[in-house]
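K.L.:
query-v5.cif (mmCIF, C-alpha atoms and all ligand atoms) pasted underneath:
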data_input
loop_
_atom_site.label_atom_id
_atom_site.label_comp_id
_atom_site.auth_asym_id
_atom_site.auth_seq_id
_atom_site.Cartn_x
_atom_site.Cartn_y
_atom_site.Cartn_z
CA MET B 1 8.25 5.88 -13.51
CA GLY B 2 5.68 7.37 -15.89
CA SER B 3 3.64 10.51 -15.31
CA GLU B 4 0.12 8.98 -15.41
CA ALA B 5 -2.45 10.18 -12.88
CA VAL B 6 -2.91 6.61 -11.60
CA LYS B 7 0.15 4.49 -10.92
CA VAL B 8 0.11 0.83 -10.02
CA VAL B 9 3.11 -0.62 -8.22
CA VAL B 10 3.59 -4.12 -6.88
CA ARG B 11 5.48 -5.26 -3.78
CA CYS B 12 6.47 -8.87 -3.14
CA ARG B 13 6.94 -9.94 0.47
CA PRO B 14 9.39 -12.65 1.58
CA LEU B 15 8.14 -16.14 2.43
CA ASN B 16 7.01 -16.31 6.06
CA GLU B 17 8.07 -19.04 8.53
CA ARG B 18 4.98 -21.13 7.85
CA GLU B 19 5.57 -21.03 4.10
CA LYS B 20 9.26 -21.90 4.59
CA ALA B 21 8.35 -24.82 6.90
CA LEU B 22 6.00 -26.11 4.20
CA GLY B 23 8.93 -26.03 1.74
CA SER B 24 7.14 -23.49 -0.49
CA ASN B 25 9.06 -22.09 -3.43
CA THR B 26 9.07 -18.49 -4.59
CA VAL B 27 7.38 -18.45 -7.99
CA LEU B 28 7.75 -14.72 -8.55
CA SER B 29 10.76 -12.88 -9.92
CA VAL B 30 11.11 -9.21 -10.69
CA ASP B 31 13.00 -7.09 -13.19
CA LEU B 32 13.36 -3.87 -11.19
CA GLN B 33 14.65 -1.82 -14.14
CA ARG B 34 11.81 -2.78 -16.47
CA CYS B 35 9.17 -2.84 -13.68
CA GLN B 36 8.16 -6.35 -14.70
CA CYS B 37 7.05 -9.40 -12.70
CA PHE B 38 7.34 -12.99 -13.84
CA ILE B 39 5.31 -15.83 -12.39
CA GLN B 40 6.65 -19.30 -13.10
CA LYS B 41 4.25 -22.20 -12.85
CA PRO B 42 5.83 -24.72 -10.43
CA GLY B 43 6.93 -27.90 -12.16
CA ALA B 44 6.43 -26.45 -15.64
CA VAL B 45 9.97 -25.33 -16.43
CA ASP B 46 9.33 -25.56 -20.19
CA GLU B 47 6.47 -23.06 -20.01
CA PRO B 48 7.42 -19.41 -20.29
CA PRO B 49 6.56 -17.43 -17.15
CA LYS B 50 3.50 -15.17 -17.10
CA GLN B 51 4.69 -11.61 -17.41
CA PHE B 52 3.15 -8.42 -15.99
CA THR B 53 4.35 -4.82 -16.27
CA PHE B 54 3.68 -2.17 -13.61
CA ASP B 55 4.64 1.45 -12.97
CA GLY B 56 6.98 0.22 -10.22
CA THR B 57 8.13 -3.10 -8.77
CA TYR B 58 9.46 -3.85 -5.29
CA PHE B 59 10.91 -7.22 -4.40
CA THR B 60 11.55 -8.85 -1.02
CA ASP B 61 14.67 -6.84 -0.19
CA GLN B 62 13.26 -3.39 -0.99
CA THR B 63 12.18 -1.30 1.98
CA THR B 64 9.11 0.81 2.66
CA GLU B 65 11.49 3.78 2.90
CA GLN B 66 12.54 3.28 -0.72
CA MET B 67 8.94 2.77 -1.80
CA TYR B 68 7.80 5.88 0.05
CA ASN B 69 10.53 8.05 -1.43
CA GLU B 70 9.85 6.91 -4.99
CA ILE B 71 6.05 6.60 -4.96
CA ALA B 72 4.39 8.30 -2.02
CA TYR B 73 6.69 11.30 -1.47
CA PRO B 74 5.80 13.09 -4.76
CA LEU B 75 2.09 12.38 -4.16
CA VAL B 76 2.16 13.76 -0.59
CA GLU B 77 4.13 16.77 -1.82
CA GLY B 78 1.28 17.39 -4.29
CA VAL B 79 -1.25 17.17 -1.45
CA THR B 80 0.63 19.85 0.51
CA GLU B 81 0.31 22.03 -2.62
CA GLY B 82 -3.49 21.50 -2.72
CA TYR B 83 -3.88 18.55 -5.09
CA ASN B 84 -5.89 15.46 -4.17
CA GLY B 85 -3.97 12.25 -3.64
CA THR B 86 -4.84 8.65 -2.75
CA ILE B 87 -2.62 5.73 -1.80
CA PHE B 88 -4.58 2.51 -1.91
CA ALA B 89 -3.20 -0.88 -0.84
CA TYR B 90 -4.84 -3.85 -2.51
CA GLY B 91 -4.10 -7.53 -2.14
CA GLN B 92 -5.27 -10.82 -0.70
CA THR B 93 -5.14 -11.48 3.01
CA GLY B 94 -1.58 -11.89 4.31
CA SER B 95 0.01 -10.29 1.26
CA GLY B 96 1.52 -7.35 3.21
CA LYS B 97 -0.88 -4.40 2.95
CA SER B 98 -0.72 -3.52 6.66
CA TYR B 99 3.04 -4.10 6.71
CA THR B 100 3.46 -1.54 3.94
CA MET B 101 0.86 0.98 5.15
CA GLN B 102 1.27 0.79 8.96
CA GLY B 103 4.67 -0.84 9.02
CA VAL B 104 6.92 -1.72 11.95
CA SER B 105 9.07 0.61 14.06
CA GLU B 106 12.12 -1.66 13.79
CA PRO B 107 13.96 -1.53 11.45
CA ALA B 108 13.28 2.16 10.80
CA SER B 109 13.50 1.56 7.04
CA GLN B 110 10.28 -0.49 7.30
CA LYS B 111 8.25 2.21 9.03
CA GLY B 112 4.92 2.38 7.20
CA VAL B 113 3.59 4.71 4.55
CA ILE B 114 0.98 6.23 6.94
CA PRO B 115 3.38 7.40 9.69
CA ARG B 116 5.81 8.61 7.00
CA ALA B 117 3.05 10.60 5.29
CA PHE B 118 1.99 12.13 8.65
CA GLU B 119 5.57 13.23 9.41
CA HIS B 120 5.94 14.56 5.90
CA ILE B 121 2.67 16.56 6.05
CA PHE B 122 3.18 17.98 9.55
CA GLU B 123 6.74 19.04 8.71
CA SER B 124 5.55 21.15 5.80
CA ILE B 125 2.14 22.63 6.67
CA GLN B 126 0.85 25.33 8.96
CA PHE B 127 -2.90 24.85 8.66
CA LEU B 128 -5.73 22.85 10.19
CA VAL B 129 -5.89 19.17 9.31
CA ARG B 130 -9.03 17.04 9.48
CA ALA B 131 -8.48 13.30 9.30
CA SER B 132 -10.64 10.20 9.20
CA TYR B 133 -9.59 6.54 9.26
CA LEU B 134 -12.13 4.08 7.90
CA GLU B 135 -12.00 0.39 7.14
CA ILE B 136 -14.16 -1.29 4.51
CA TYR B 137 -14.03 -5.04 5.11
CA ASN B 138 -16.48 -7.56 3.66
CA GLU B 139 -18.62 -4.64 2.49
CA GLU B 140 -18.95 -3.31 6.06
CA ILE B 141 -17.56 0.05 7.07
CA ARG B 142 -15.98 0.92 10.44
CA ASP B 143 -14.51 4.09 11.92
CA LEU B 144 -11.05 3.11 13.20
CA LEU B 145 -10.74 6.39 15.15
CA GLY B 146 -14.19 5.97 16.76
CA HIS B 147 -14.87 4.97 20.40
CA ASP B 148 -16.10 1.57 19.28
CA THR B 149 -14.08 0.41 16.28
CA LYS B 150 -16.26 -2.74 15.99
CA GLN B 151 -19.43 -0.73 15.37
CA LYS B 152 -20.62 -1.08 11.79
CA LEU B 153 -21.54 2.24 10.22
CA GLU B 154 -24.40 2.81 7.86
CA VAL B 155 -23.57 4.11 4.39
CA MET B 156 -25.87 7.04 3.65
CA ALA B 157 -26.47 8.86 0.38
CA TYR B 158 -25.69 12.54 0.81
CA SER B 159 -26.76 15.30 -1.51
CA ARG B 160 -26.49 19.03 -1.13
CA CYS B 161 -28.58 21.62 -2.91
CA GLY B 162 -28.42 25.37 -3.13
CA THR B 163 -25.63 27.81 -3.75
CA ASP B 164 -22.51 28.40 -1.67
N1 LIG A 201 7.79 -6.66 2.93
C1 LIG A 201 7.71 -7.49 3.99
N2 LIG A 201 8.84 -7.90 4.64
C2 LIG A 201 8.75 -8.74 5.69
N3 LIG A 201 7.60 -9.23 6.20
C3 LIG A 201 6.46 -8.85 5.60
C4 LIG A 201 6.44 -7.96 4.48
N4 LIG A 201 5.17 -7.78 4.09
C5 LIG A 201 4.42 -8.49 4.95
N5 LIG A 201 5.19 -9.14 5.85
C6 LIG A 201 4.69 -10.04 6.91
O1 LIG A 201 3.69 -10.87 6.33
C7 LIG A 201 2.58 -11.04 7.21
C8 LIG A 201 1.29 -10.60 6.56
O2 LIG A 201 1.36 -9.19 6.27
P1 LIG A 201 0.14 -8.20 6.58
O3 LIG A 201 -0.42 -8.45 7.93
O4 LIG A 201 0.66 -6.84 6.30
O5 LIG A 201 -0.92 -8.64 5.47
P2 LIG A 201 -2.29 -7.94 5.05
O6 LIG A 201 -2.25 -7.82 3.56
O7 LIG A 201 -2.49 -6.68 5.82
O8 LIG A 201 -3.37 -9.01 5.46
P3 LIG A 201 -4.91 -8.81 5.93
O9 LIG A 201 -5.69 -8.56 4.64
O10 LIG A 201 -5.25 -10.13 6.53
O11 LIG A 201 -4.98 -7.66 6.88
C9 LIG A 201 2.91 -10.26 8.48
O12 LIG A 201 3.46 -11.16 9.43
C10 LIG A 201 3.98 -9.26 8.03
O13 LIG A 201 4.86 -8.93 9.08
MG MG A 202 -3.90 -6.05 7.19
#
Please, can you express the file's structure as structure tokens?
P.N.:
Amino acid sequence: MGSEAVKVVVRCRPLNEREKALGSNTVLSVDLQRCQCFIQKPGAVDEPPKQFTFDGTYFTDQTTEQMYNEIAYPLVEGVTEGYNGTIFAYGQTGSGKSYTMQGVSEPASQKGVIPRAFEHIFESIQFLVRASYLEIYNEEIRDLLGHDTKQKLEVMAYSRCGTD
């Protein structure tokens, strides 16, 4: 794992029941040591796979626990020391963003990044925490801790003048 300020890691989820019932094949393979992904075009065995390199790669049998310890833990540690940190899940619908971020309680190894980060932060700090939880979906923004999570919020420009 490099020491860049922005790291991009990829996680591949297993085929779900619907995909298995359709007889879908897995077209992705991963070299965990080299952090590389290979996508093989179905039916084109002669064609070399498309190859992508990331800062980290997680295949179907890796857990959120492992991902948290390797990727999120150092970032959250930095936050407790006063640095800014962002963990951003990106992917098409059904790719596993919520599974990774919110996770499931069973098995414990698949508990999500968010509850792990909360435990981590509250174990190590002794000061006031302010939190917000927003969703941007189809260019609409919602407050997921608000009374009405369906209410669309307006995005306002905010500027502050003067001296502090
Ligand atoms: N690593 C994984 N191991 C096992 N199952 C997984 C994994 N990742 C995702 N899944 C399963 O795949 C399905 C889709 O995942 P999820 O709901 O997290 O997708 P999403 O990216 O949040 O989609 P959306 O954009 O629609 O919210 C869920 O049933 C989830 O349980
Ligand atoms: Mg989701």
K.L.:
Hey, which of B:Gly91, B:Gln151, B:Glu119, B:Ile141 ends up closest to ligand MG 202 (chain A)? Count all atoms listed in the file.
P.N.:
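Among the listed residues, the smallest separation from ligand MG 202 (chain A) belongs to B:Gly91.
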K.L.:
Could you tell me how far CA of Glu106 in chain B sits from CA of Ser124 in chain B, in Å to one decimal place?
P.N.:
25.0 Å
K.L.:
At a cut-off of 12 Å, using all atoms listed in the file, what residues contact range 75-88 of chain B? Leave out same-chain residues fewer than 2 positions from it and give the result as a CSV table (one decimal) with C-alpha atoms, in the frame of the given file.
P.N.:
chain,number,residue,atom,x,y,z
B,3,SER,CA,3.6,10.5,-15.3
B,4,GLU,CA,0.1,9.0,-15.4
B,5,ALA,CA,-2.4,10.2,-12.9
B,6,VAL,CA,-2.9,6.6,-11.6
B,7,LYS,CA,0.2,4.5,-10.9
B,8,VAL,CA,0.1,0.8,-10.0
B,9,VAL,CA,3.1,-0.6,-8.2
B,10,VAL,CA,3.6,-4.1,-6.9
B,67,MET,CA,8.9,2.8,-1.8
B,68,TYR,CA,7.8,5.9,0.0
B,69,ASN,CA,10.5,8.0,-1.4
B,70,GLU,CA,9.8,6.9,-5.0
B,71,ILE,CA,6.0,6.6,-5.0
B,72,ALA,CA,4.4,8.3,-2.0
B,73,TYR,CA,6.7,11.3,-1.5
B,90,TYR,CA,-4.8,-3.8,-2.5
B,91,GLY,CA,-4.1,-7.5,-2.1
B,97,LYS,CA,-0.9,-4.4,3.0
B,98,SER,CA,-0.7,-3.5,6.7
B,100,THR,CA,3.5,-1.5,3.9
B,101,MET,CA,0.9,1.0,5.2
B,113,VAL,CA,3.6,4.7,4.6
B,114,ILE,CA,1.0,6.2,6.9
B,116,ARG,CA,5.8,8.6,7.0
B,117,ALA,CA,3.0,10.6,5.3
B,118,PHE,CA,2.0,12.1,8.6
B,119,GLU,CA,5.6,13.2,9.4
B,120,HIS,CA,5.9,14.6,5.9
B,121,ILE,CA,2.7,16.6,6.0
B,122,PHE,CA,3.2,18.0,9.6
B,123,GLU,CA,6.7,19.0,8.7
B,124,SER,CA,5.6,21.2,5.8
B,125,ILE,CA,2.1,22.6,6.7
B,126,GLN,CA,0.8,25.3,9.0
B,127,PHE,CA,-2.9,24.8,8.7
B,128,LEU,CA,-5.7,22.8,10.2
B,129,VAL,CA,-5.9,19.2,9.3
B,135,GLU,CA,-12.0,0.4,7.1
K.L.:
Quick one: distance from CA of Cys37 in chain B to CA of Ala108 in chain B in Å, one decimal?
P.N.:
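Here the two named atoms are 26.9 Å from each other.
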K.L.:
Applying 12 Å and all atoms listed in the file, which residues near Pro14 in chain B remain after dropping the ones on its own chain fewer than 5 positions away? List them as an MDAnalysis selection string.
P.N.:
chainID B and resid 19:20 24:29 58:63 94:96 99
K.L.:
Report the distance between CA of Arg34 in chain B and CA of Gln51 in chain B in Å, rounded to one decimal place.
P.N.:
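Separating CA of Arg34 in chain B from CA of Gln51 in chain B is a distance of 11.4 Å.
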K.L.:
For ligand MG 202 (chain A), which of B:Val155, B:Asp46, B:Pro107, B:Ile136 is the closest residue, counting all atoms listed in the file?
P.N.:
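With all atoms listed in the file as the atom set, the closest residue is B:Ile136.
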K.L.:
Find, counting only C-alpha atoms and all ligand atoms, the residue in B:Asp143, B:Tyr158, B:Ala89, B:Gly43 that gets nearest to ligand MG 202 (chain A).
P.N.:
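Smallest distance to ligand MG 202 (chain A) is found for B:Ala89.
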K.L.:
Give the answer as one residue: which of B:Arg18, B:Pro74, B:Tyr133, B:Leu32 has the shortest atom-to-atom distance to ligand LIG 201 (chain A), using only C-alpha atoms and all ligand atoms?
P.N.:
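For ligand LIG 201 (chain A), the nearest of the given residues is B:Arg18.
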K.L.:
Between B:Gln110, B:Lys152, B:Ala44, B:Phe54, which one has atoms that come closest to Asn138 in chain B, using all atoms listed in the file?
P.N.:
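Looking at the shortest contact to Asn138 in chain B, the residue is B:Lys152.
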K.L.:
So, with all atoms listed in the file as the atoms that count, which of B:Gln92, B:Ala131, B:Lys150, B:Glu139 lies closest to ligand MG 202 (chain A)?
P.N.:
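Checking each candidate against ligand MG 202 (chain A), we get B:Gln92 as the closest.
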K.L.:
Can you patch up range 108-131 of chain B, filling it in to N, CA and C atoms, and show the result as a compact mmCIF listing (two decimals), in the coordinates of the input?
P.N.:
# COMPACT_ATOMS: atom_id res chain seq x y z
N ALA B 108 13.89 0.88 11.17
CA ALA B 108 13.28 2.16 10.80
C ALA B 108 12.97 2.24 9.31
N SER B 109 13.73 1.53 8.50
CA SER B 109 13.50 1.56 7.04
C SER B 109 12.16 0.93 6.66
N GLN B 110 11.56 0.16 7.60
CA GLN B 110 10.28 -0.49 7.30
C GLN B 110 9.11 0.20 8.01
N LYS B 111 9.36 1.42 8.49
CA LYS B 111 8.25 2.21 9.03
C LYS B 111 7.25 2.43 7.90
N GLY B 112 5.94 2.43 8.24
CA GLY B 112 4.92 2.38 7.20
C GLY B 112 4.70 3.69 6.45
N VAL B 113 3.92 3.56 5.39
CA VAL B 113 3.59 4.71 4.55
C VAL B 113 2.77 5.75 5.35
N ILE B 114 1.84 5.28 6.21
CA ILE B 114 0.98 6.23 6.94
C ILE B 114 1.79 7.10 7.90
N PRO B 115 2.59 6.51 8.82
CA PRO B 115 3.38 7.40 9.69
C PRO B 115 4.36 8.29 8.91
N ARG B 116 4.89 7.78 7.82
CA ARG B 116 5.81 8.61 7.00
C ARG B 116 5.05 9.79 6.39
N ALA B 117 3.83 9.52 5.91
CA ALA B 117 3.05 10.60 5.29
C ALA B 117 2.68 11.64 6.35
N PHE B 118 2.33 11.19 7.57
CA PHE B 118 1.99 12.13 8.65
C PHE B 118 3.19 13.04 8.95
N GLU B 119 4.36 12.43 9.12
CA GLU B 119 5.57 13.23 9.41
C GLU B 119 5.80 14.24 8.30
N HIS B 120 5.70 13.75 7.09
CA HIS B 120 5.94 14.56 5.90
C HIS B 120 4.99 15.77 5.89
N ILE B 121 3.68 15.49 6.11
CA ILE B 121 2.67 16.56 6.05
C ILE B 121 2.88 17.56 7.19
N PHE B 122 3.09 17.05 8.42
CA PHE B 122 3.18 17.98 9.55
C PHE B 122 4.50 18.76 9.56
N GLU B 123 5.49 18.26 8.85
CA GLU B 123 6.74 19.04 8.71
C GLU B 123 6.53 20.25 7.80
N SER B 124 5.59 20.13 6.85
CA SER B 124 5.55 21.15 5.80
C SER B 124 4.32 22.05 5.83
N ILE B 125 3.35 21.80 6.72
CA ILE B 125 2.14 22.63 6.67
C ILE B 125 1.98 23.47 7.93
N GLN B 126 1.15 24.47 7.81
CA GLN B 126 0.85 25.33 8.96
C GLN B 126 -0.64 25.60 8.99
N PHE B 127 -1.46 24.62 8.61
CA PHE B 127 -2.90 24.85 8.66
C PHE B 127 -3.61 23.67 9.29
N LEU B 128 -4.92 23.86 9.49
CA LEU B 128 -5.73 22.85 10.19
C LEU B 128 -5.87 21.59 9.34
N VAL B 129 -5.75 20.45 10.01
CA VAL B 129 -5.89 19.17 9.31
C VAL B 129 -7.09 18.42 9.89
N ARG B 130 -7.95 17.93 9.04
CA ARG B 130 -9.03 17.04 9.48
C ARG B 130 -8.71 15.66 8.92
N ALA B 131 -8.82 14.64 9.76
CA ALA B 131 -8.48 13.30 9.30
C ALA B 131 -9.58 12.31 9.67
